[in-house]
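Okay, upload.cif is below, mmCIF, C-alpha atoms and all ligand atoms:
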data_structure
#
loop_
_atom_site.label_atom_id
_atom_site.label_comp_id
_atom_site.auth_asym_id
_atom_site.auth_seq_id
_atom_site.Cartn_x
_atom_site.Cartn_y
_atom_site.Cartn_z
CA MET A 22 22.85 11.57 -31.04
CA GLU A 23 19.45 10.37 -30.03
CA GLU A 24 19.38 8.44 -26.78
CA VAL A 25 18.17 4.85 -26.82
CA LYS A 26 14.92 4.59 -24.90
CA LYS A 27 14.46 1.89 -22.28
CA LYS A 28 11.60 -0.37 -23.37
CA ILE A 29 9.20 -1.21 -20.57
CA ALA A 30 6.53 -3.88 -20.14
CA ILE A 31 4.06 -3.15 -17.34
CA LEU A 32 2.19 -6.19 -16.06
CA GLY A 33 -0.86 -4.80 -14.29
CA SER A 34 -0.86 -1.35 -15.87
CA THR A 35 -4.37 -0.41 -14.68
CA GLY A 36 -3.67 -0.92 -10.96
CA SER A 37 -2.26 1.52 -8.43
CA ILE A 38 1.43 0.80 -9.20
CA GLY A 39 0.81 0.49 -12.94
CA THR A 40 -0.92 3.85 -13.29
CA GLN A 41 1.76 5.59 -11.20
CA ALA A 42 4.47 3.94 -13.30
CA LEU A 43 2.85 5.42 -16.41
CA GLU A 44 2.93 8.86 -14.75
CA VAL A 45 6.66 8.41 -14.14
CA ILE A 46 7.17 7.33 -17.76
CA GLU A 47 5.15 10.28 -19.05
CA GLU A 48 7.32 12.70 -17.02
CA HIS A 49 10.42 11.18 -18.65
CA ALA A 50 9.05 10.40 -22.08
CA GLU A 51 12.45 10.99 -23.71
CA LYS A 52 13.94 8.08 -21.69
CA PHE A 53 11.26 5.38 -21.88
CA GLN A 54 9.14 3.60 -24.46
CA VAL A 55 6.11 1.57 -23.31
CA GLU A 56 6.33 -1.79 -25.05
CA VAL A 57 3.58 -3.86 -23.36
CA LEU A 58 0.59 -3.09 -21.12
CA THR A 59 -1.58 -5.72 -19.43
CA THR A 60 -4.70 -5.77 -17.29
CA ASN A 61 -6.88 -8.40 -15.71
CA THR A 62 -10.33 -6.94 -16.43
CA ASN A 63 -10.13 -3.14 -16.80
CA ALA A 64 -10.66 -2.91 -20.58
CA ASP A 65 -11.63 0.78 -20.67
CA LEU A 66 -8.53 2.01 -18.88
CA LEU A 67 -6.29 -0.36 -20.86
CA ILE A 68 -7.65 1.04 -24.13
CA GLU A 69 -7.16 4.62 -22.94
CA GLN A 70 -3.58 3.88 -21.81
CA ALA A 71 -2.76 2.08 -25.05
CA ILE A 72 -3.98 4.93 -27.26
CA LYS A 73 -1.92 7.37 -25.22
CA PHE A 74 1.33 5.40 -24.83
CA LYS A 75 1.25 3.41 -28.10
CA PRO A 76 2.70 0.10 -26.90
CA ASN A 77 3.63 -2.66 -29.30
CA ALA A 78 1.15 -5.05 -27.63
CA VAL A 79 -1.47 -5.30 -24.87
CA VAL A 80 -3.00 -8.23 -22.98
CA ILE A 81 -6.46 -8.35 -21.44
CA VAL A 82 -6.57 -11.49 -19.29
CA ASP A 83 -10.39 -11.57 -19.18
CA GLU A 84 -11.30 -13.29 -22.47
CA THR A 85 -14.87 -11.98 -22.50
CA GLN A 86 -13.52 -8.46 -23.07
CA TYR A 87 -11.04 -9.33 -25.80
CA GLN A 88 -13.23 -8.26 -28.69
CA LYS A 89 -13.83 -4.83 -27.19
CA VAL A 90 -10.10 -4.24 -26.75
CA SER A 91 -9.07 -5.55 -30.15
CA GLU A 92 -11.76 -3.53 -31.95
CA ALA A 93 -10.60 -0.38 -30.20
CA LEU A 94 -6.90 -0.89 -30.88
CA TRP A 95 -6.43 -2.54 -34.27
CA LYS A 96 -6.63 0.78 -36.11
CA HIS A 97 -3.84 2.09 -33.84
CA ASP A 98 -1.63 -0.77 -34.99
CA ILE A 99 -1.40 -2.26 -31.48
CA LYS A 100 -1.35 -6.05 -31.11
CA THR A 101 -3.95 -7.44 -28.70
CA TYR A 102 -3.88 -10.73 -26.85
CA THR A 103 -6.02 -12.40 -24.21
CA GLY A 104 -5.83 -15.10 -21.55
CA LYS A 105 -3.44 -16.19 -18.82
CA GLU A 106 -1.03 -17.88 -21.23
CA ALA A 107 -0.70 -14.70 -23.24
CA LEU A 108 0.10 -12.82 -20.04
CA ALA A 109 2.82 -15.33 -19.19
CA GLN A 110 4.28 -15.28 -22.71
CA VAL A 111 4.15 -11.61 -23.65
CA VAL A 112 7.16 -10.86 -21.39
CA GLU A 113 9.37 -12.87 -23.75
CA MET A 114 9.04 -10.33 -26.61
CA LYS A 115 12.56 -9.52 -27.68
CA GLU A 116 12.11 -5.71 -27.70
CA ILE A 117 11.48 -5.54 -23.93
CA ASP A 118 14.31 -4.38 -21.63
CA VAL A 119 12.52 -4.12 -18.27
CA VAL A 120 9.45 -5.94 -16.96
CA LEU A 121 7.61 -4.13 -14.18
CA THR A 122 5.62 -6.81 -12.35
CA ALA A 123 2.69 -5.00 -10.75
CA LEU A 124 0.28 -7.93 -10.67
CA VAL A 125 -1.49 -8.82 -7.42
CA GLY A 126 -0.70 -12.09 -5.67
CA TYR A 127 0.29 -15.53 -6.89
CA ALA A 128 -0.69 -14.60 -10.47
CA GLY A 129 2.65 -12.82 -10.77
CA LEU A 130 4.76 -15.95 -10.38
CA LEU A 131 4.71 -17.53 -13.84
CA PRO A 132 5.11 -14.30 -15.87
CA THR A 133 8.06 -13.37 -13.64
CA ILE A 134 9.71 -16.76 -14.15
CA ASN A 135 9.29 -16.40 -17.92
CA ALA A 136 10.66 -12.85 -17.89
CA ILE A 137 13.77 -13.99 -15.99
CA LYS A 138 14.31 -16.88 -18.41
CA ALA A 139 14.06 -14.37 -21.26
CA LYS A 140 16.79 -12.34 -19.46
CA LYS A 141 14.68 -9.24 -18.84
CA THR A 142 15.53 -6.89 -15.99
CA ILE A 143 12.82 -7.16 -13.34
CA ALA A 144 11.32 -4.19 -11.48
CA LEU A 145 9.50 -6.16 -8.82
CA ALA A 146 6.31 -4.73 -7.35
CA ASN A 147 4.67 -8.15 -6.93
CA LYS A 148 6.09 -9.20 -3.55
CA GLU A 149 4.05 -12.42 -3.49
CA THR A 150 6.32 -13.85 -6.21
CA LEU A 151 9.30 -13.83 -3.83
CA VAL A 152 7.15 -14.92 -0.89
CA VAL A 153 5.85 -17.97 -2.71
CA ALA A 154 9.04 -19.07 -4.46
CA GLY A 155 11.92 -16.87 -3.31
CA GLU A 156 14.60 -19.53 -3.51
CA LEU A 157 13.58 -20.65 -7.00
CA ILE A 158 13.30 -17.07 -8.30
CA THR A 159 16.62 -15.82 -6.90
CA LYS A 160 18.44 -18.91 -8.17
CA LEU A 161 16.92 -18.50 -11.63
CA ALA A 162 17.87 -14.81 -11.66
CA THR A 163 21.49 -15.62 -10.78
CA GLU A 164 21.69 -18.33 -13.45
CA ASN A 165 20.38 -15.93 -16.09
CA GLY A 166 22.39 -12.92 -14.95
CA VAL A 167 19.17 -11.00 -14.32
CA HIS A 168 18.83 -8.11 -11.86
CA ILE A 169 15.75 -7.80 -9.69
CA TYR A 170 15.16 -4.20 -8.56
CA PRO A 171 12.63 -3.74 -5.76
CA VAL A 172 9.67 -1.39 -6.14
CA ASP A 173 8.24 -2.02 -2.65
CA SER A 174 9.10 1.21 -0.77
CA GLU A 175 10.82 -0.50 2.20
CA HIS A 176 12.95 -2.69 -0.04
CA SER A 177 13.76 0.21 -2.31
CA ALA A 178 14.93 2.05 0.82
CA ILE A 179 17.24 -0.84 1.77
CA PHE A 180 18.45 -1.06 -1.83
CA GLN A 181 19.21 2.68 -1.87
CA CYS A 182 21.09 2.42 1.46
CA LEU A 183 23.26 -0.35 0.01
CA VAL A 184 24.54 1.70 -2.93
CA GLY A 185 28.33 1.97 -2.51
CA GLU A 186 28.40 -0.71 0.21
CA ILE A 187 29.11 -3.73 -1.97
CA LEU A 188 32.12 -4.78 0.16
CA ASN A 189 30.34 -4.27 3.48
CA PRO A 190 28.18 -6.99 5.01
CA ILE A 191 24.77 -6.12 6.46
CA GLU A 192 24.48 -6.72 10.20
CA LYS A 193 20.72 -6.30 10.16
CA ILE A 194 17.92 -4.35 8.55
CA TYR A 195 14.89 -2.63 10.02
CA LEU A 196 11.75 -2.64 7.91
CA THR A 197 9.45 0.16 8.98
CA ALA A 198 5.68 -0.38 9.21
CA SER A 199 3.01 2.30 9.50
CA GLY A 200 1.01 -0.03 11.76
CA GLY A 201 -2.04 0.46 9.56
CA PRO A 202 -5.43 1.90 10.59
CA PHE A 203 -5.74 -0.29 13.72
CA ARG A 204 -2.40 0.41 15.37
CA GLY A 205 -2.74 0.33 19.17
CA LYS A 206 -6.01 -1.61 19.08
CA LYS A 207 -6.42 -4.96 20.86
CA ARG A 208 -8.17 -8.10 19.62
CA ASP A 209 -11.47 -7.41 21.38
CA GLU A 210 -11.65 -3.99 19.68
CA LEU A 211 -11.16 -5.59 16.26
CA GLN A 212 -13.97 -8.18 16.42
CA ASN A 213 -16.42 -6.20 14.28
CA ILE A 214 -14.19 -4.15 12.03
CA THR A 215 -15.79 -3.48 8.63
CA LYS A 216 -14.01 -3.58 5.30
CA GLU A 217 -14.62 0.15 4.90
CA GLN A 218 -12.64 0.79 8.11
CA ALA A 219 -9.89 -1.60 7.05
CA LEU A 220 -9.63 0.02 3.61
CA LYS A 221 -8.75 3.44 5.11
CA HIS A 222 -4.97 3.44 5.28
CA PRO A 223 -3.53 6.43 7.16
CA ASN A 224 -0.53 7.17 4.87
CA TRP A 225 -0.55 5.22 1.62
CA GLU A 226 -3.12 4.95 -1.16
CA MET A 227 -2.91 1.45 -2.57
CA GLY A 228 -4.95 -1.38 -4.04
CA ALA A 229 -7.54 -3.22 -1.90
CA LYS A 230 -5.56 -6.40 -1.28
CA ILE A 231 -2.40 -4.69 0.00
CA THR A 232 -4.46 -2.22 2.07
CA ILE A 233 -6.14 -5.10 3.95
CA ASP A 234 -2.73 -6.77 4.27
CA SER A 235 -1.44 -3.55 5.86
CA ALA A 236 -4.30 -3.52 8.36
CA THR A 237 -3.57 -7.13 9.43
CA LEU A 238 0.25 -6.65 9.32
CA MET A 239 0.34 -9.47 6.77
CA ASN A 240 1.91 -6.99 4.37
CA LYS A 241 4.87 -6.52 6.70
CA GLY A 242 5.12 -10.29 7.13
CA LEU A 243 5.24 -10.74 3.36
CA GLU A 244 7.84 -7.98 3.20
CA VAL A 245 10.05 -9.72 5.78
CA ILE A 246 10.08 -12.79 3.54
CA GLU A 247 10.62 -10.64 0.44
CA ALA A 248 13.62 -8.97 2.15
CA LYS A 249 15.20 -12.30 3.00
CA TRP A 250 15.35 -13.25 -0.67
CA LEU A 251 16.23 -9.85 -2.11
CA PHE A 252 19.13 -9.22 0.28
CA ASN A 253 20.11 -12.78 1.22
CA LEU A 254 19.48 -12.39 4.96
CA LYS A 255 18.76 -14.73 7.88
CA PRO A 256 15.44 -14.27 9.70
CA GLU A 257 17.21 -12.91 12.80
CA GLN A 258 18.79 -10.16 10.66
CA ILE A 259 15.37 -8.73 9.78
CA ASP A 260 13.54 -6.59 12.32
CA VAL A 261 10.24 -4.75 12.02
CA ILE A 262 9.69 -1.41 13.71
CA VAL A 263 6.39 0.47 13.68
CA HIS A 264 6.80 4.06 12.50
CA PRO A 265 3.36 5.66 12.12
CA GLN A 266 4.50 8.70 10.10
CA SER A 267 5.95 6.57 7.22
CA ILE A 268 8.84 9.00 6.63
CA VAL A 269 11.74 6.66 7.35
CA HIS A 270 11.17 4.01 4.69
CA SER A 271 13.59 1.44 6.18
CA LEU A 272 17.14 1.18 7.57
CA VAL A 273 20.33 -0.85 7.22
CA GLN A 274 22.71 -1.42 10.13
CA PHE A 275 26.31 -2.32 9.23
CA THR A 276 28.91 -4.27 11.22
CA ASP A 277 30.45 -1.08 12.69
CA GLY A 278 27.07 -0.11 14.15
CA SER A 279 26.44 2.61 11.59
CA MET A 280 22.85 2.89 10.39
CA LYS A 281 21.68 4.29 7.07
CA ALA A 282 18.06 5.21 6.46
CA GLN A 283 16.23 6.37 3.37
CA MET A 284 13.59 9.03 4.01
CA GLY A 285 10.99 11.07 2.23
CA LEU A 286 7.27 11.68 2.03
CA PRO A 287 5.26 8.51 1.37
CA ASP A 288 5.03 8.47 -2.44
CA MET A 289 5.25 5.29 -4.49
CA LYS A 290 6.41 7.19 -7.57
CA LEU A 291 9.90 7.51 -6.08
CA PRO A 292 10.59 3.77 -5.63
CA ILE A 293 8.91 3.02 -8.98
CA GLN A 294 11.10 5.59 -10.73
CA TYR A 295 14.30 4.43 -8.98
CA ALA A 296 13.69 0.83 -10.03
CA LEU A 297 13.36 2.02 -13.65
CA THR A 298 16.34 4.42 -13.61
CA TYR A 299 18.89 2.73 -11.28
CA PRO A 300 21.76 3.53 -10.89
CA TYR A 301 20.65 7.05 -11.87
CA ARG A 302 18.31 9.42 -10.08
CA PHE A 303 16.04 11.36 -12.39
CA PRO A 304 14.38 14.66 -11.38
CA SER A 305 10.95 14.48 -9.80
CA LYS A 306 8.37 17.16 -9.08
CA SER A 307 6.85 15.27 -6.14
CA PRO A 308 6.41 17.39 -2.98
CA ARG A 309 9.47 17.62 -0.72
CA PHE A 310 9.65 16.63 2.96
CA ASN A 311 9.53 19.49 5.45
CA PHE A 312 10.95 18.80 8.95
CA MET A 313 8.65 21.36 10.53
CA ASP A 314 5.60 19.40 9.33
CA TYR A 315 6.98 16.37 11.22
CA PRO A 316 8.71 17.60 14.40
CA ASN A 317 8.23 14.14 15.94
CA LEU A 318 9.12 10.90 14.21
CA THR A 319 8.13 8.04 16.51
CA PHE A 320 8.93 4.34 16.69
CA GLU A 321 7.32 1.46 18.55
CA LYS A 322 7.31 -2.33 18.76
CA PRO A 323 4.82 -4.27 16.63
CA ASP A 324 2.06 -6.05 18.58
CA LEU A 325 2.46 -9.68 17.52
CA GLU A 326 -0.36 -10.96 19.75
CA THR A 327 -3.03 -8.79 18.13
CA PHE A 328 -1.56 -8.96 14.63
CA LYS A 329 -0.39 -12.55 14.55
CA ASN A 330 0.10 -12.62 10.76
CA LEU A 331 3.54 -11.11 11.30
CA LYS A 332 4.43 -13.93 13.68
CA LEU A 333 3.17 -16.48 11.14
CA ALA A 334 5.42 -14.97 8.49
CA TYR A 335 8.51 -15.36 10.70
CA GLU A 336 7.48 -18.96 11.34
CA ALA A 337 7.19 -19.56 7.57
CA LEU A 338 10.62 -18.02 7.10
CA GLU A 339 12.24 -20.16 9.83
CA LYS A 340 10.79 -23.45 8.57
CA GLY A 341 11.18 -22.65 4.86
CA GLY A 342 10.00 -25.14 2.22
CA ASN A 343 6.51 -24.41 0.88
CA LEU A 344 5.24 -22.85 4.13
CA ALA A 345 5.35 -19.26 2.84
CA CYS A 346 3.50 -20.43 -0.28
CA ILE A 347 0.80 -21.89 1.99
CA LEU A 348 0.59 -18.70 4.03
CA ASN A 349 0.30 -16.58 0.89
CA ALA A 350 -2.43 -18.70 -0.74
CA ALA A 351 -4.45 -18.87 2.50
CA ASN A 352 -4.15 -15.12 2.89
CA GLU A 353 -5.27 -14.38 -0.68
CA VAL A 354 -8.40 -16.47 -0.14
CA ALA A 355 -9.08 -15.03 3.34
CA VAL A 356 -8.63 -11.39 2.25
CA ASP A 357 -10.94 -11.94 -0.71
CA ALA A 358 -13.55 -13.49 1.64
CA PHE A 359 -13.23 -10.53 4.02
CA LEU A 360 -13.68 -8.09 1.12
CA HIS A 361 -16.89 -9.97 0.21
CA ASP A 362 -18.20 -9.85 3.82
CA LYS A 363 -17.92 -13.63 4.22
CA ILE A 364 -15.58 -13.63 7.22
CA LYS A 365 -14.61 -11.25 10.02
CA PHE A 366 -11.37 -9.30 10.21
CA LEU A 367 -9.68 -11.47 12.86
CA GLN A 368 -10.54 -14.66 10.98
CA ILE A 369 -8.04 -13.74 8.25
CA ALA A 370 -5.08 -14.62 10.47
CA ASP A 371 -6.95 -17.62 11.96
CA ILE A 372 -7.48 -19.10 8.50
CA ASN A 373 -3.83 -18.46 7.61
CA GLU A 374 -2.70 -20.28 10.76
CA GLN A 375 -5.04 -23.24 10.21
CA CYS A 376 -3.81 -23.68 6.63
CA MET A 377 -0.16 -23.58 7.75
CA ASN A 378 -0.95 -26.37 10.22
CA ALA A 379 -3.01 -28.49 7.82
CA VAL A 380 -1.57 -28.33 4.30
CA LYS A 381 1.20 -30.80 3.49
CA PHE A 382 4.70 -29.47 4.18
CA VAL A 383 7.30 -29.92 1.42
CA LYS A 384 10.91 -29.26 2.44
CA ASN A 385 12.47 -28.73 -1.02
CA PRO A 386 9.63 -27.69 -3.33
CA SER A 387 9.90 -27.60 -7.14
CA TYR A 388 7.81 -25.26 -9.32
CA LYS A 389 5.22 -28.07 -9.61
CA ASP A 390 5.09 -28.39 -5.81
CA PHE A 391 4.31 -24.68 -5.54
CA VAL A 392 1.45 -25.03 -8.04
CA THR A 393 0.04 -27.99 -6.07
CA THR A 394 0.52 -26.28 -2.71
CA ASP A 395 -1.21 -23.15 -3.94
CA LEU A 396 -4.20 -25.13 -5.25
CA GLU A 397 -4.52 -27.35 -2.16
CA THR A 398 -4.24 -24.44 0.22
CA ARG A 399 -6.93 -22.48 -1.65
CA LYS A 400 -9.25 -25.49 -1.49
CA PHE A 401 -8.63 -25.99 2.24
CA ALA A 402 -9.02 -22.26 3.00
CA GLU A 403 -12.33 -22.18 1.08
CA SER A 404 -13.55 -25.11 3.19
CA LEU A 405 -12.97 -23.01 6.34
CA ILE A 406 -15.11 -20.10 5.07
MN MN A 501 5.81 -1.86 1.29
#

Since I need it in another form, could you write the structure as structure tokens?
Ligand code: MN
Amino acid sequence: MEEVKKKIAILGSTGSIGTQALEVIEEHAEKFQVEVLTTNTNADLLIEQAIKFKPNAVVIVDETQYQKVSEALWKHDIKTYTGKEALAQVVEMKEIDVVLTALVGYAGLLPTINAIKAKKTIALANKETLVVAGELITKLATENGVHIYPVDSEHSAIFQCLVGEILNPIEKIYLTASGGPFRGKKRDELQNITKEQALKHPNWEMGAKITIDSATLMNKGLEVIEAKWLFNLKPEQIDVIVHPQSIVHSLVQFTDGSMKAQMGLPDMKLPIQYALTYPYRFPSKSPRFNFMDYPNLTFEKPDLETFKNLKLAYEALEKGGNLACILNAANEVAVDAFLHDKIKFLQIADINEQCMNAVKFVKNPSYKDFVTTDLETRKFAESLI
């Protein structure tokens, strides 16, 4: 009997996670069928991917490139769409089983909401969705009986440690952080950091936005918030520990004091694959960890004075409401400005802090409040640049 293939939609197929997801799918072609691919602007790669994986439909968000994509793909019998609305709606196609959300930033929110309403399983690589609207998203997922499987390596580690522990409460979790390229540096050493320096991550190869977020520790701050919503934890149950080798991907501590960790070489294909194959583990040819290559695994405390973004994230978590949405929007604007040489490295966290103090706080935000908060914060952040 032929096995039924899992039908996958990849939102953001031309980015770092998207391209690695397609490698995973190619290695297990008998198990998966690509149903939808989307990109923001990378028409050439989208066309190449579509011809190779033969999805039912593709979306290019950038409308100026629509004609190019549709001309290239109509003879392959692939439907082509364009625009933000198409991106938000394409997840509702009835053939799709799993939506992998690999979009960057706030843009992931609406497509994810629509995918949950359409009862699609979510493989979540877009952490900003849970940062911005974690309460709304988790509630919606529960109401629709939808599972959200984490792709973020730390959260995948926690998720893997929790298999078989359904009856056992979590005492706390430790999210590991590499510390980024500037670990051990103080504020005065970071005054004149260039984007080229900040874009050199020691262990992981990722997109530009998340690489800058790793250098400022904002990424770990966003991950603390993401963990709260994924695993239903209180802020004091989430600890961050710097682990420069990135071998221990995160840990869970249970009420008897036992700790479980998930380990391996830093390789995003593992958490991507696990989110697509859970509860099964499929074979992988990725290189194996060798203890003798890493005789010393080390751990240290994060420096919250130098990297105050992490402190801001805990503050957003404690106060709740729309504060994490404010922090996220401010950070998206500030990182973009830094990547365009408009502000200095340390100003990223300053702008985030100023926005959290200035933009109107809403205690119980609706979806509309998040949209307004995001817009207002972006406007205010721009005025600071
Ligand atoms: Mn991560």

Taking every listed atom of stretch 151-165 of chain A and adding 3 Å to each side, what centre and edge lengths in Å (one decimal) does the axis-aligned box have, as JSON?
{"center_x": 13.8, "center_y": -17.2, "center_z": -8.5, "size_x": 21.8, "size_y": 12.8, "size_z": 21.2}

Legend entry - Shell around stretch 92-107 of chain A at 8 Å using only C-alpha atoms, local window under 4 positions removed, as a ChimeraX atom specification: /A:68,71-72,75-84,87-88,111

Inset, instruction - Choose the residue, out of A:Leu130, A:Ala248, A:Val392, A:Ile233, that has the smallest atom-to-atom separation from A:Ile214; count only C-alpha atoms. - result: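 Ranked by minimum distance to A:Ile214, first place goes to A:Ile233.
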
Inset, instruction - Please provide as number ranges by chain all residues within 10 Å of A:Ala282, with the sequence filter that same-chain residues fewer than 4 positions apart are discarded (counting only C-alpha atoms). - result: A: 178-179, 181-183, 194-195, 268-274

Create the file for the chosen residues now, containing C-alpha atoms and written as a short mmCIF file (atom, residue, chain, number, x, y, z; two decimals), in the frame of the given file.
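Output file out-v5.cif follows:
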data_model
loop_
_atom_site.label_atom_id
_atom_site.label_comp_id
_atom_site.auth_asym_id
_atom_site.auth_seq_id
_atom_site.Cartn_x
_atom_site.Cartn_y
_atom_site.Cartn_z
CA ALA A 178 14.93 2.05 0.82
CA ILE A 179 17.24 -0.84 1.77
CA GLN A 181 19.21 2.68 -1.87
CA CYS A 182 21.09 2.42 1.46
CA LEU A 183 23.26 -0.35 0.01
CA ILE A 194 17.92 -4.35 8.55
CA TYR A 195 14.89 -2.63 10.02
CA ILE A 268 8.84 9.00 6.63
CA VAL A 269 11.74 6.66 7.35
CA HIS A 270 11.17 4.01 4.69
CA SER A 271 13.59 1.44 6.18
CA LEU A 272 17.14 1.18 7.57
CA VAL A 273 20.33 -0.85 7.22
CA GLN A 274 22.71 -1.42 10.13
#

Would you list the residues that come within 8 Å of ligand MN 501 (chain A)? Count only C-alpha atoms and all ligand atoms and give the answer as a compact mmCIF listing (two decimals) with C-alpha atoms, in the coordinates of the input.
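Generated file (selection-v5.txt):
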# COMPACT_ATOMS: atom_id res chain seq x y z
CA ASP A 173 8.24 -2.02 -2.65
CA SER A 174 9.10 1.21 -0.77
CA GLU A 175 10.82 -0.50 2.20
CA HIS A 176 12.95 -2.69 -0.04
CA ASN A 240 1.91 -6.99 4.37
CA LYS A 241 4.87 -6.52 6.70
CA GLU A 244 7.84 -7.98 3.20

Inset, instruction - Go through A:Leu333, A:Leu108, A:Met227, A:Ile369 one by one, measure the shortest atom-to-atom distance of each to A:Ala128 using all atoms listed in the file, and give the residue with the smallest value. - result: A:Leu108

Inset, instruction - Compile the contact shell of stretch 399-403 of chain A as a list in words: residues with an atom at most 9 Å away, counting only C-alpha atoms, same-chain residues fewer than 2 positions apart removed. - result: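 Near stretch 399-403 of chain A, the qualifying residues are Ile347, Ala350, Ala351, Asn352, Glu353, Val354, Ala355, Ala358, Ile372, Asn373, Gln375, Cys376, Ala379, Val380, Thr394, Asp395, Leu396, Glu397, Leu405 and Ile406 of chain A.
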
Inset, instruction - For each of A:Tyr315, A:Phe328, A:Tyr170, A:Phe74, take the minimum atom-to-atom distance to A:Lys206, counting only C-alpha atoms, then give the residue where this is smallest. - result: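 When distances to A:Lys206 are compared using only C-alpha atoms, the smallest one comes from A:Phe328.
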
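The residue that comes closest to A:Asp324, out of A:Val261, A:Ala64, A:Leu291, A:Ala30 and on the basis of only C-alpha atoms, is A:Val261.
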
Inset, instruction - Kindly indicate which residue among A:Lys140, A:His264, A:Lys255, A:Lys52 lies nearest to A:Thr197, using only C-alpha atoms for the distances. - result: A:His264

Legend entry - Radius query 12 Å about (32.6, -5.6, 5.2), atoms used: all atoms listed in the file, as a VMD selection string: chain A and resid 183 185 to 192 274 to 278

Legend entry - Test item: residues at most 12 Å from A:Ile134, all atoms listed in the file, excluding those fewer than 2 positions along its chain, as a VMD selection string: chain A and resid 108 to 110 112 to 113 120 122 127 to 132 136 to 143 145 150 to 151 154 to 155 157 to 162 165 167 169 388

Legend entry - Which residue of A:Gly228, A:Lys281, A:Phe310, A:Gly342 approaches A:Phe391 most closely, using only C-alpha atoms: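 Checking each of A:Gly228, A:Lys281, A:Phe310, A:Gly342 against A:Phe391, counting only C-alpha atoms, the winner is A:Gly342.
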
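What separates atom CA of A:Gly39 from atom CA of A:Ala123 is a distance of 6.2 Å.
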
Legend entry - Spatial neighbours of A:Phe312, max dist 12 Å, only C-alpha atoms, sep filter under 3 positions, as a list in words: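 Counting only C-alpha atoms, the residues come to Ile268, Met284, Gly285, Leu286, Arg309, Tyr315, Pro316, Asn317 and Leu318 of chain A.
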
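Between atom CA of A:Lys26 and atom CA of A:Glu116 lies a distance of 11.0 Å.
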
Inset, instruction - Enter the distance from atom CA of A:Leu348 to atom CA of A:His168, in Å, rounded to one decimal. - result: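 Here the two named atoms are 26.4 Å from each other.
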
For stretch 285-328 of chain A in the structure I just supplied, write out C-alpha atoms - as a tab-separated table (two decimals), in the first residue's frame.
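Once everything was written out, this is selection.tsv:
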chain	number	residue	atom	x	y	z
A	285	GLY	CA	23.90	17.58	19.17
A	286	LEU	CA	25.93	19.61	16.72
A	287	PRO	CA	24.33	22.95	15.84
A	288	ASP	CA	22.26	22.07	12.76
A	289	MET	CA	18.82	23.54	12.09
A	290	LYS	CA	17.85	20.60	9.88
A	291	LEU	CA	17.29	18.45	12.97
A	292	PRO	CA	14.67	20.66	14.66
A	293	ILE	CA	13.05	21.38	11.27
A	294	GLN	CA	12.80	17.66	10.53
A	295	TYR	CA	11.51	16.79	14.02
A	296	ALA	CA	8.73	19.37	13.76
A	297	LEU	CA	7.67	17.77	10.46
A	298	THR	CA	7.95	14.13	11.60
A	299	TYR	CA	6.92	14.22	15.30
A	300	PRO	CA	6.36	11.85	17.06
A	301	TYR	CA	8.73	9.91	14.78
A	302	ARG	CA	12.44	10.36	14.24
A	303	PHE	CA	13.52	9.92	10.64
A	304	PRO	CA	17.11	9.05	9.64
A	305	SER	CA	19.47	11.93	8.94
A	306	LYS	CA	22.91	12.02	7.35
A	307	SER	CA	23.97	15.16	9.22
A	308	PRO	CA	27.41	14.89	10.91
A	309	ARG	CA	27.43	13.30	14.37
A	310	PHE	CA	28.73	14.87	17.58
A	311	ASN	CA	32.15	13.69	18.74
A	312	PHE	CA	32.99	14.18	22.44
A	313	MET	CA	36.70	14.42	21.71
A	314	ASP	CA	36.09	17.48	19.51
A	315	TYR	CA	34.45	19.15	22.53
A	316	PRO	CA	36.28	18.03	25.69
A	317	ASN	CA	35.00	21.15	27.49
A	318	LEU	CA	31.40	22.29	27.45
A	319	THR	CA	31.20	25.56	29.39
A	320	PHE	CA	28.39	27.61	30.92
A	321	GLU	CA	28.22	31.18	32.17
A	322	LYS	CA	25.75	33.84	33.27
A	323	PRO	CA	24.38	36.26	30.65
A	324	ASP	CA	25.55	39.87	31.03
A	325	LEU	CA	22.28	41.80	31.34
A	326	GLU	CA	23.97	45.19	31.77
A	327	THR	CA	25.77	45.05	28.43
A	328	PHE	CA	23.01	43.20	26.60
